[in-house]
>>> print(open('work-v9.cif').read())   # mmCIF, C-alpha atoms
data_run
#
loop_
_atom_site.label_atom_id
_atom_site.label_comp_id
_atom_site.auth_asym_id
_atom_site.auth_seq_id
_atom_site.Cartn_x
_atom_site.Cartn_y
_atom_site.Cartn_z
CA MET U 1 0.10 42.29 -7.61
CA ALA U 2 0.32 42.99 -11.33
CA TRP U 3 3.40 40.80 -11.70
CA ILE U 4 1.49 37.81 -10.33
CA TRP U 5 -1.12 38.17 -13.06
CA ILE U 6 1.62 38.55 -15.67
CA LEU U 7 3.31 35.33 -14.49
CA ALA U 8 -0.01 33.48 -14.42
CA ALA U 9 -0.86 34.64 -17.93
CA GLY U 10 2.60 33.61 -19.13
CA ALA U 11 2.24 30.16 -17.58
CA VAL U 12 -1.17 29.65 -19.20
CA LEU U 13 0.19 30.80 -22.56
CA LEU U 14 3.20 28.46 -22.31
CA TRP U 15 0.90 25.56 -21.38
CA ALA U 16 -1.36 26.29 -24.35
CA ILE U 17 1.56 26.58 -26.79
CA SER U 18 3.09 23.34 -25.48
CA LEU U 19 -0.21 21.46 -25.72
CA GLY U 20 -0.68 22.83 -29.22
CA ARG U 21 2.76 21.52 -30.14
CA ILE U 22 1.86 18.04 -28.89
CA LEU U 23 -1.50 18.01 -30.63
CA SER U 24 0.15 19.14 -33.88
CA TYR U 25 1.66 15.68 -34.29
CA SER U 26 -0.57 13.61 -36.53
CA SER U 27 0.35 10.39 -34.71
CA PRO U 28 2.45 9.26 -31.72
CA SER U 29 6.01 10.33 -32.45
CA CYS U 30 9.63 9.83 -31.43
CA VAL U 31 11.97 12.79 -30.87
CA PRO U 32 14.43 12.75 -32.46
CA LEU U 33 13.09 10.53 -35.22
CA SER U 34 15.86 7.97 -35.49
CA PRO U 35 16.35 4.61 -37.21
CA GLN U 36 18.49 3.67 -34.19
CA PHE U 37 15.43 3.53 -31.91
CA MET U 38 14.11 -0.04 -31.93
CA PRO U 39 15.35 -0.83 -35.45
CA PRO U 40 14.02 -3.85 -37.34
CA LEU U 41 15.14 -7.20 -36.01
CA ARG U 42 17.22 -9.67 -37.96
CA GLY U 43 15.54 -11.36 -40.87
CA ASP U 44 12.13 -10.25 -42.11
CA ARG U 45 10.75 -9.26 -38.70
CA ARG U 46 10.13 -5.54 -38.55
CA SER U 47 7.76 -5.66 -35.59
CA ARG U 48 8.78 -6.50 -32.05
CA ASN U 49 7.25 -8.42 -29.17
CA VAL U 50 7.45 -5.89 -26.36
CA LEU U 51 6.94 -6.73 -22.68
CA LEU U 52 5.93 -3.84 -20.43
CA VAL U 53 6.74 -4.86 -16.84
CA VAL U 54 4.93 -2.87 -14.14
CA ALA U 55 4.24 -3.26 -10.43
CA HIS U 56 0.53 -2.43 -10.08
CA PRO U 57 -2.63 -2.14 -12.17
CA ASP U 58 -2.85 1.49 -13.39
CA ASP U 59 0.95 1.91 -13.76
CA GLU U 60 0.55 1.26 -17.49
CA SER U 61 -2.02 4.08 -17.90
CA MET U 62 -0.64 6.56 -15.38
CA PHE U 63 2.97 6.46 -16.55
CA PHE U 64 3.51 4.48 -19.77
CA ALA U 65 0.62 5.45 -22.08
CA PRO U 66 2.77 7.55 -24.49
CA THR U 67 5.17 4.60 -24.89
CA ILE U 68 2.35 2.10 -25.42
CA LEU U 69 0.60 4.29 -27.99
CA PHE U 70 3.82 4.97 -29.89
CA LEU U 71 4.81 1.30 -30.06
CA LYS U 72 1.29 0.29 -31.11
CA SER U 73 1.36 2.92 -33.88
CA LYS U 74 4.54 1.29 -35.24
CA GLY U 75 2.93 -2.15 -35.38
CA HIS U 76 4.75 -3.67 -32.42
CA SER U 77 2.95 -6.27 -30.29
CA ILE U 78 2.55 -5.14 -26.67
CA HIS U 79 2.36 -7.55 -23.74
CA ILE U 80 1.92 -6.44 -20.14
CA LEU U 81 3.25 -8.26 -17.09
CA CYS U 82 1.86 -6.75 -13.89
CA MET U 83 3.72 -8.12 -10.87
CA SER U 84 0.86 -7.63 -8.39
CA ARG U 85 -2.88 -7.05 -8.24
CA GLY U 86 -2.44 -3.85 -6.24
CA ASN U 87 -4.11 -5.31 -3.19
CA ALA U 88 -3.04 -2.68 -0.63
CA ASP U 89 -6.72 -1.73 -0.18
CA GLY U 90 -8.12 -5.27 -0.52
CA LEU U 91 -9.31 -4.77 -4.10
CA ARG U 92 -7.19 -7.39 -5.88
CA ASN U 93 -9.93 -8.80 -8.13
CA THR U 94 -11.43 -5.40 -8.90
CA ARG U 95 -8.09 -3.95 -9.86
CA LYS U 96 -7.24 -6.92 -12.05
CA GLU U 97 -10.46 -6.45 -14.03
CA GLU U 98 -9.84 -2.71 -14.27
CA LEU U 99 -6.46 -3.38 -15.83
CA TYR U 100 -8.13 -5.47 -18.52
CA HIS U 101 -10.60 -2.64 -19.20
CA ALA U 102 -7.77 -0.12 -19.46
CA CYS U 103 -5.94 -2.40 -21.89
CA GLU U 104 -9.06 -2.56 -24.05
CA THR U 105 -8.83 1.24 -24.31
CA LEU U 106 -5.17 0.91 -25.26
CA LYS U 107 -6.00 -1.86 -27.80
CA ILE U 108 -4.09 -4.60 -25.98
CA ALA U 109 -5.76 -8.02 -26.04
CA HIS U 110 -6.59 -9.82 -22.77
CA GLU U 111 -4.42 -12.79 -23.70
CA GLN U 112 -1.42 -10.45 -23.87
CA VAL U 113 -1.91 -9.24 -20.29
CA LYS U 114 -0.85 -11.17 -17.19
CA VAL U 115 -1.58 -10.01 -13.63
CA LEU U 116 0.27 -11.96 -10.96
CA ASP U 117 -0.76 -12.51 -7.35
CA HIS U 118 2.36 -14.05 -5.85
CA PRO U 119 2.44 -14.14 -2.01
CA LYS U 120 5.96 -12.67 -2.04
CA LEU U 121 5.02 -9.83 -4.43
CA GLN U 122 2.26 -7.95 -2.62
CA ASP U 123 1.48 -4.26 -3.07
CA GLY U 124 2.74 -1.99 -0.32
CA PHE U 125 5.30 0.68 0.54
CA HIS U 126 6.76 -1.60 3.21
CA GLU U 127 6.81 -4.74 1.06
CA LYS U 128 10.29 -5.80 -0.07
CA TRP U 129 10.20 -7.73 -3.33
CA ASP U 130 12.78 -10.38 -4.12
CA HIS U 131 14.71 -9.24 -7.20
CA GLY U 132 15.57 -12.82 -8.10
CA LEU U 133 11.89 -13.76 -8.08
CA VAL U 134 11.02 -10.80 -10.30
CA ALA U 135 13.80 -11.85 -12.70
CA GLU U 136 12.56 -15.44 -12.71
CA LEU U 137 8.97 -14.42 -13.50
CA ALA U 138 10.18 -12.03 -16.20
CA MET U 139 12.18 -14.85 -17.80
CA GLU U 140 9.13 -17.12 -17.74
CA HIS U 141 7.02 -14.61 -19.65
CA VAL U 142 9.81 -13.61 -22.02
CA GLN U 143 9.95 -17.24 -23.09
CA LEU U 144 6.17 -17.66 -23.11
CA TRP U 145 5.59 -14.70 -25.41
CA SER U 146 8.88 -14.78 -27.38
CA ILE U 147 9.75 -11.32 -26.10
CA ASP U 148 12.64 -9.41 -27.66
CA THR U 149 12.15 -6.00 -25.97
CA ILE U 150 11.35 -5.02 -22.37
CA VAL U 151 10.13 -1.63 -21.12
CA THR U 152 9.98 -0.89 -17.40
CA PHE U 153 10.73 1.64 -14.64
CA ASP U 154 14.15 3.16 -13.98
CA SER U 155 15.89 2.82 -10.61
CA TYR U 156 13.78 5.57 -8.98
CA GLY U 157 10.51 4.24 -10.36
CA VAL U 158 8.91 7.60 -11.30
CA SER U 159 7.10 8.02 -7.97
CA GLY U 160 9.77 6.48 -5.77
CA HIS U 161 7.46 3.59 -4.85
CA PRO U 162 9.64 0.70 -3.59
CA ASN U 163 7.68 -1.84 -5.65
CA HIS U 164 8.52 0.14 -8.81
CA LYS U 165 12.19 0.17 -7.84
CA ASP U 166 12.18 -3.56 -7.16
CA VAL U 167 10.71 -4.23 -10.61
CA HIS U 168 13.59 -2.27 -12.15
CA HIS U 169 16.23 -4.15 -10.18
CA GLY U 170 14.57 -7.46 -10.95
CA ILE U 171 14.65 -6.73 -14.68
CA CYS U 172 18.31 -5.71 -14.43
CA LYS U 173 19.02 -9.02 -12.71
CA PHE U 174 17.21 -10.85 -15.51
CA LEU U 175 19.28 -9.01 -18.13
CA ARG U 176 22.54 -9.97 -16.39
CA ALA U 177 21.44 -13.61 -16.26
CA ASN U 178 20.28 -13.68 -19.88
CA ARG U 179 23.57 -14.65 -21.45
CA GLN U 180 22.06 -14.98 -24.91
CA GLY U 181 21.71 -11.18 -24.97
CA ASN U 182 18.66 -11.48 -27.20
CA VAL U 183 16.44 -9.12 -25.20
CA GLU U 184 16.74 -5.34 -25.42
CA ALA U 185 15.53 -3.27 -22.45
CA TRP U 186 14.39 0.33 -22.00
CA GLU U 187 13.51 2.29 -18.87
CA LEU U 188 11.16 5.22 -18.29
CA ALA U 189 13.15 8.19 -17.01
CA SER U 190 12.04 9.62 -13.66
CA LEU U 191 11.72 13.40 -13.69
CA ASN U 192 12.16 15.93 -10.90
CA ILE U 193 8.99 17.31 -9.35
CA LEU U 194 8.88 20.49 -11.47
CA ARG U 195 9.14 18.58 -14.73
CA LYS U 196 6.86 15.81 -13.48
CA TYR U 197 3.98 18.25 -12.91
CA SER U 198 4.62 20.57 -15.84
CA GLY U 199 2.14 18.75 -18.10
CA PRO U 200 2.82 19.29 -21.79
CA VAL U 201 5.42 22.00 -21.08
CA ASP U 202 8.13 19.40 -20.51
CA ILE U 203 8.11 18.52 -24.20
CA TRP U 204 10.63 21.30 -24.85
CA LEU U 205 13.24 20.20 -22.30
CA SER U 206 12.76 16.48 -22.92
CA SER U 207 13.11 17.01 -26.68
CA PHE U 208 16.24 19.11 -26.17
CA ILE U 209 17.81 16.43 -23.96
CA SER U 210 16.93 13.73 -26.47
CA PHE U 211 18.47 15.69 -29.36
CA THR U 212 21.68 16.46 -27.47
CA ARG U 213 22.08 12.98 -25.96
CA SER U 214 20.80 10.78 -28.78
CA LYS U 215 24.14 8.92 -28.83
CA GLN U 216 23.28 7.74 -25.31
CA SER U 217 20.01 6.23 -26.62
CA ILE U 218 17.61 8.65 -24.93
CA TYR U 219 14.36 9.40 -26.79
CA THR U 220 11.19 11.36 -26.15
CA LEU U 221 7.93 9.68 -27.15
CA VAL U 222 5.10 12.14 -27.76
CA ASN U 223 1.46 11.23 -27.13
CA SER U 224 -0.46 13.06 -29.85
CA SER U 225 -3.79 12.07 -28.22
CA PRO U 226 -3.50 12.82 -24.47
CA SER U 227 -7.19 12.02 -24.06
CA ARG U 228 -6.27 8.35 -24.57
CA SER U 229 -4.21 8.45 -21.36
CA TYR U 230 -7.18 10.00 -19.57
CA GLU U 231 -9.57 7.34 -20.88
CA ALA U 232 -7.22 4.49 -19.96
CA MET U 233 -6.72 5.78 -16.43
CA ALA U 234 -10.47 6.36 -16.03
CA ALA U 235 -10.96 2.62 -16.65
CA HIS U 236 -9.34 2.06 -13.25
CA ARG U 237 -12.54 3.21 -11.57
CA SER U 238 -11.56 2.28 -8.03
CA GLN U 239 -8.49 4.51 -8.38
CA TRP U 240 -10.17 7.34 -10.29
CA VAL U 241 -10.34 9.75 -7.32
CA TRP U 242 -9.92 13.51 -7.53
CA PHE U 243 -6.16 13.66 -6.93
CA ARG U 244 -5.45 11.08 -9.64
CA ARG U 245 -7.63 13.03 -12.05
CA LEU U 246 -5.48 16.05 -11.31
CA PHE U 247 -2.35 13.94 -11.69
CA VAL U 248 -3.33 12.77 -15.16
CA MET U 249 -4.11 16.34 -16.20
CA PHE U 250 -0.90 17.91 -14.88
CA SER U 251 1.56 15.02 -15.17
CA SER U 252 4.07 15.21 -17.99
CA TYR U 253 3.77 11.39 -18.23
CA THR U 254 0.34 11.89 -19.81
CA TYR U 255 1.88 13.80 -22.70
CA ILE U 256 5.40 12.46 -23.16
CA ASN U 257 7.71 9.66 -22.04
CA MET U 258 11.45 10.04 -22.03
CA ILE U 259 12.94 6.56 -22.24
CA GLN U 260 16.52 5.40 -22.24
CA LYS U 261 18.26 2.13 -22.91
CA ILE U 262 19.21 0.00 -19.91
#
>>> encode(input="work-v9.cif", output="structure tokens")
Amino acid sequence: MAWIWILAAGAVLLWAISLGRILSYSSPSCVPLSPQFMPPLRGDRRSRNVLLVVAHPDDESMFFAPTILFLKSKGHSIHILCMSRGNADGLRNTRKEELYHACETLKIAHEQVKVLDHPKLQDGFHEKWDHGLVAELAMEHVQLWSIDTIVTFDSYGVSGHPNHKDVHHGICKFLRANRQGNVEAWELASLNILRKYSGPVDIWLSSFISFTRSKQSIYTLVNSSPSRSYEAMAAHRSQWVWFRRLFVMFSSYTYINMIQKI
């Protein structure tokens, strides 16, 4: 039995060291720090108009908070396009308002947040979303907000939710159709289950991968204030049940985001 206690003590120590490493950053950070990651645009524009495209209210807080906080710290303007109101439980209006409250926590203005309620884009594991429609709606908001950078899910969609995957494929379809090539796109890397629930511990492996594969445009964004993720997710009160509280505490997406160029 002694070895069990030794392993438990080692795990707690590693967690504490990893969390200490994250908290040691004075502000949200990029690993490795590179001028190649979202460099200044042509002309005098150093800031970007970034569009975060998600499937449901709470995706932005549950998965993308480190990215949002890093981009905000660099002076970029963040817009959020949420493709549905998350109405699987009949709470469409409640969840829309909760998204606005979460965005207040993340310092994103209401006028820079759009929550859609399209009849063909409804929340559900068995709902198949039209990729062309997602691309069309993305194009509409890219033009509306003069977007030059998109951030969204990768092909697995972090949790494997089919709506997340459809958002990714819709954005890829938009990028193929955008012949001007004036929009850059990044995706949030999905992690295996051990890394996904390793909390702050994943900073070591994600940082190592980013350093060794920087030529492939893979970066780790570190959230120096994990409590901000917790506060943003807590704003989604209808979703703030015990298992999501545990998720936010143990999920590596609370502490870091590994993003790669599409």
>>> atom_distance(input="work-v9.cif", atom1="atom CA of Ile203 of chain U", atom2="atom CA of Val31 of chain U")
9.6 Å
>>> resolve_selection(input="work-v9.cif", expression="the PyMOL selection byres ((chain U and resi 217) around 10)", output="CSV table (one decimal) with C-alpha atoms, in the coordinates of the input")
chain,number,residue,atom,x,y,z
U,34,SER,CA,15.9,8.0,-35.5
U,36,GLN,CA,18.5,3.7,-34.2
U,37,PHE,CA,15.4,3.5,-31.9
U,186,TRP,CA,14.4,0.3,-22.0
U,210,SER,CA,16.9,13.7,-26.5
U,211,PHE,CA,18.5,15.7,-29.4
U,213,ARG,CA,22.1,13.0,-26.0
U,214,SER,CA,20.8,10.8,-28.8
U,215,LYS,CA,24.1,8.9,-28.8
U,216,GLN,CA,23.3,7.7,-25.3
U,218,ILE,CA,17.6,8.6,-24.9
U,219,TYR,CA,14.4,9.4,-26.8
U,259,ILE,CA,12.9,6.6,-22.2
U,260,GLN,CA,16.5,5.4,-22.2
U,261,LYS,CA,18.3,2.1,-22.9
U,262,ILE,CA,19.2,0.0,-19.9
>>> closest_residue(input="work-v9.cif", among="U:Leu19, U:Ala135, U:Val151, U:Leu194", to="Leu71 of chain U", atoms="all atoms listed in the file")
U:Val151
>>> closest_atom_pairs(input="work-v9.cif", of="segment 109-133 of chain U", to="segment 54-60 of chain U", cutoff="12 Å", atoms="all atoms listed in the file", output="Markdown table")
| residue | atom | partner | partner_atom | distance |
| --- | --- | --- | --- | --- |
| U:Val113 | CA | U:Pro57 | CA | 10.8 |
| U:Lys114 | CA | U:Pro57 | CA | 10.5 |
| U:Val115 | CA | U:Pro57 | CA | 8.1 |
| U:Leu116 | CA | U:His56 | CA | 9.6 |
| U:Asp117 | CA | U:His56 | CA | 10.5 |
| U:His118 | CA | U:Ala55 | CA | 11.9 |
| U:Leu121 | CA | U:Ala55 | CA | 8.9 |
| U:Gln122 | CA | U:Ala55 | CA | 9.3 |
| U:Asp123 | CA | U:His56 | CA | 7.3 |
| U:Gly124 | CA | U:His56 | CA | 10.0 |
| U:Phe125 | CA | U:Ala55 | CA | 11.7 |
| U:Glu127 | CA | U:Ala55 | CA | 11.9 |
| U:Trp129 | CA | U:Ala55 | CA | 10.3 |
>>> resolve_selection(input="work-v9.cif", expression="the PyMOL selection byres ((chain U and resi 106) around 10)", output="ChimeraX atom specification")
/U:60-61,65,68-69,72,78,100-105,107-109,228-229,231-232
>>> atom_distance(input="work-v9.cif", atom1="atom CA of Arg245 of chain U", atom2="atom CA of Val12 of chain U")
19.2 Å
>>> residues_around(input="work-v9.cif", residues="Met249 of chain U", least_positions_apart="4", cutoff="12 Å", atoms="only C-alpha atoms", output="count of residues only")
23
>>> closest_residue(input="work-v9.cif", among="U:Asp166, U:Leu51, U:His161, U:Val248", to="Asp130 of chain U", atoms="all atoms listed in the file")
U:Asp166
>>> atom_distance(input="work-v9.cif", atom1="atom CA of Tyr156 of chain U", atom2="atom CA of Val53 of chain U")
14.8 Å
>>> closest_residue(input="work-v9.cif", among="U:Asn178, U:Ser206, U:Asn192, U:Ser26", to="Gln143 of chain U", atoms="all atoms listed in the file")
U:Asn178
>>> closest_residue(input="work-v9.cif", among="U:Gly75, U:Gly10, U:Gly170, U:Gly20", to="Val50 of chain U", atoms="all atoms listed in the file")
U:Gly75
>>> closest_residue(input="work-v9.cif", among="U:Ser238, U:Ser29, U:Ser190, U:Asn182", to="Ser159 of chain U", atoms="only C-alpha atoms")
U:Ser190
>>> closest_residue(input="work-v9.cif", among="U:Arg85, U:His168, U:Arg237, U:Arg195", to="Leu52 of chain U", atoms="all atoms listed in the file")
U:His168
>>> residues_around(input="work-v9.cif", residues="Ala138 of chain U", least_positions_apart="3", cutoff="10 Å", atoms="all atoms listed in the file", output="PDB file with C-alpha atoms, in the frame of the given file")
ATOM      1  CA  LEU U  51       6.940  -6.730 -22.680  1.00  0.00           C
ATOM      2  CA  VAL U  53       6.740  -4.860 -16.840  1.00  0.00           C
ATOM      3  CA  LEU U  81       3.250  -8.260 -17.090  1.00  0.00           C
ATOM      4  CA  MET U  83       3.720  -8.120 -10.870  1.00  0.00           C
ATOM      5  CA  GLY U 132      15.570 -12.820  -8.100  1.00  0.00           C
ATOM      6  CA  LEU U 133      11.890 -13.760  -8.080  1.00  0.00           C
ATOM      7  CA  VAL U 134      11.020 -10.800 -10.300  1.00  0.00           C
ATOM      8  CA  ALA U 135      13.800 -11.850 -12.700  1.00  0.00           C
ATOM      9  CA  HIS U 141       7.020 -14.610 -19.650  1.00  0.00           C
ATOM     10  CA  VAL U 142       9.810 -13.610 -22.020  1.00  0.00           C
ATOM     11  CA  GLN U 143       9.950 -17.240 -23.090  1.00  0.00           C
ATOM     12  CA  LEU U 144       6.170 -17.660 -23.110  1.00  0.00           C
ATOM     13  CA  ILE U 147       9.750 -11.320 -26.100  1.00  0.00           C
ATOM     14  CA  ILE U 150      11.350  -5.020 -22.370  1.00  0.00           C
ATOM     15  CA  VAL U 167      10.710  -4.230 -10.610  1.00  0.00           C
ATOM     16  CA  GLY U 170      14.570  -7.460 -10.950  1.00  0.00           C
ATOM     17  CA  ILE U 171      14.650  -6.730 -14.680  1.00  0.00           C
ATOM     18  CA  LYS U 173      19.020  -9.020 -12.710  1.00  0.00           C
ATOM     19  CA  PHE U 174      17.210 -10.850 -15.510  1.00  0.00           C
ATOM     20  CA  LEU U 175      19.280  -9.010 -18.130  1.00  0.00           C
TER      21      LEU U 175
END
>>> axis_aligned_box(input="work-v9.cif", around="segment 97-112 of chain U", padding_each_side="5 Å", output="JSON")
{"center_x": -6.0, "center_y": -5.8, "center_z": -20.9, "size_x": 19.2, "size_y": 24.0, "size_z": 23.8}
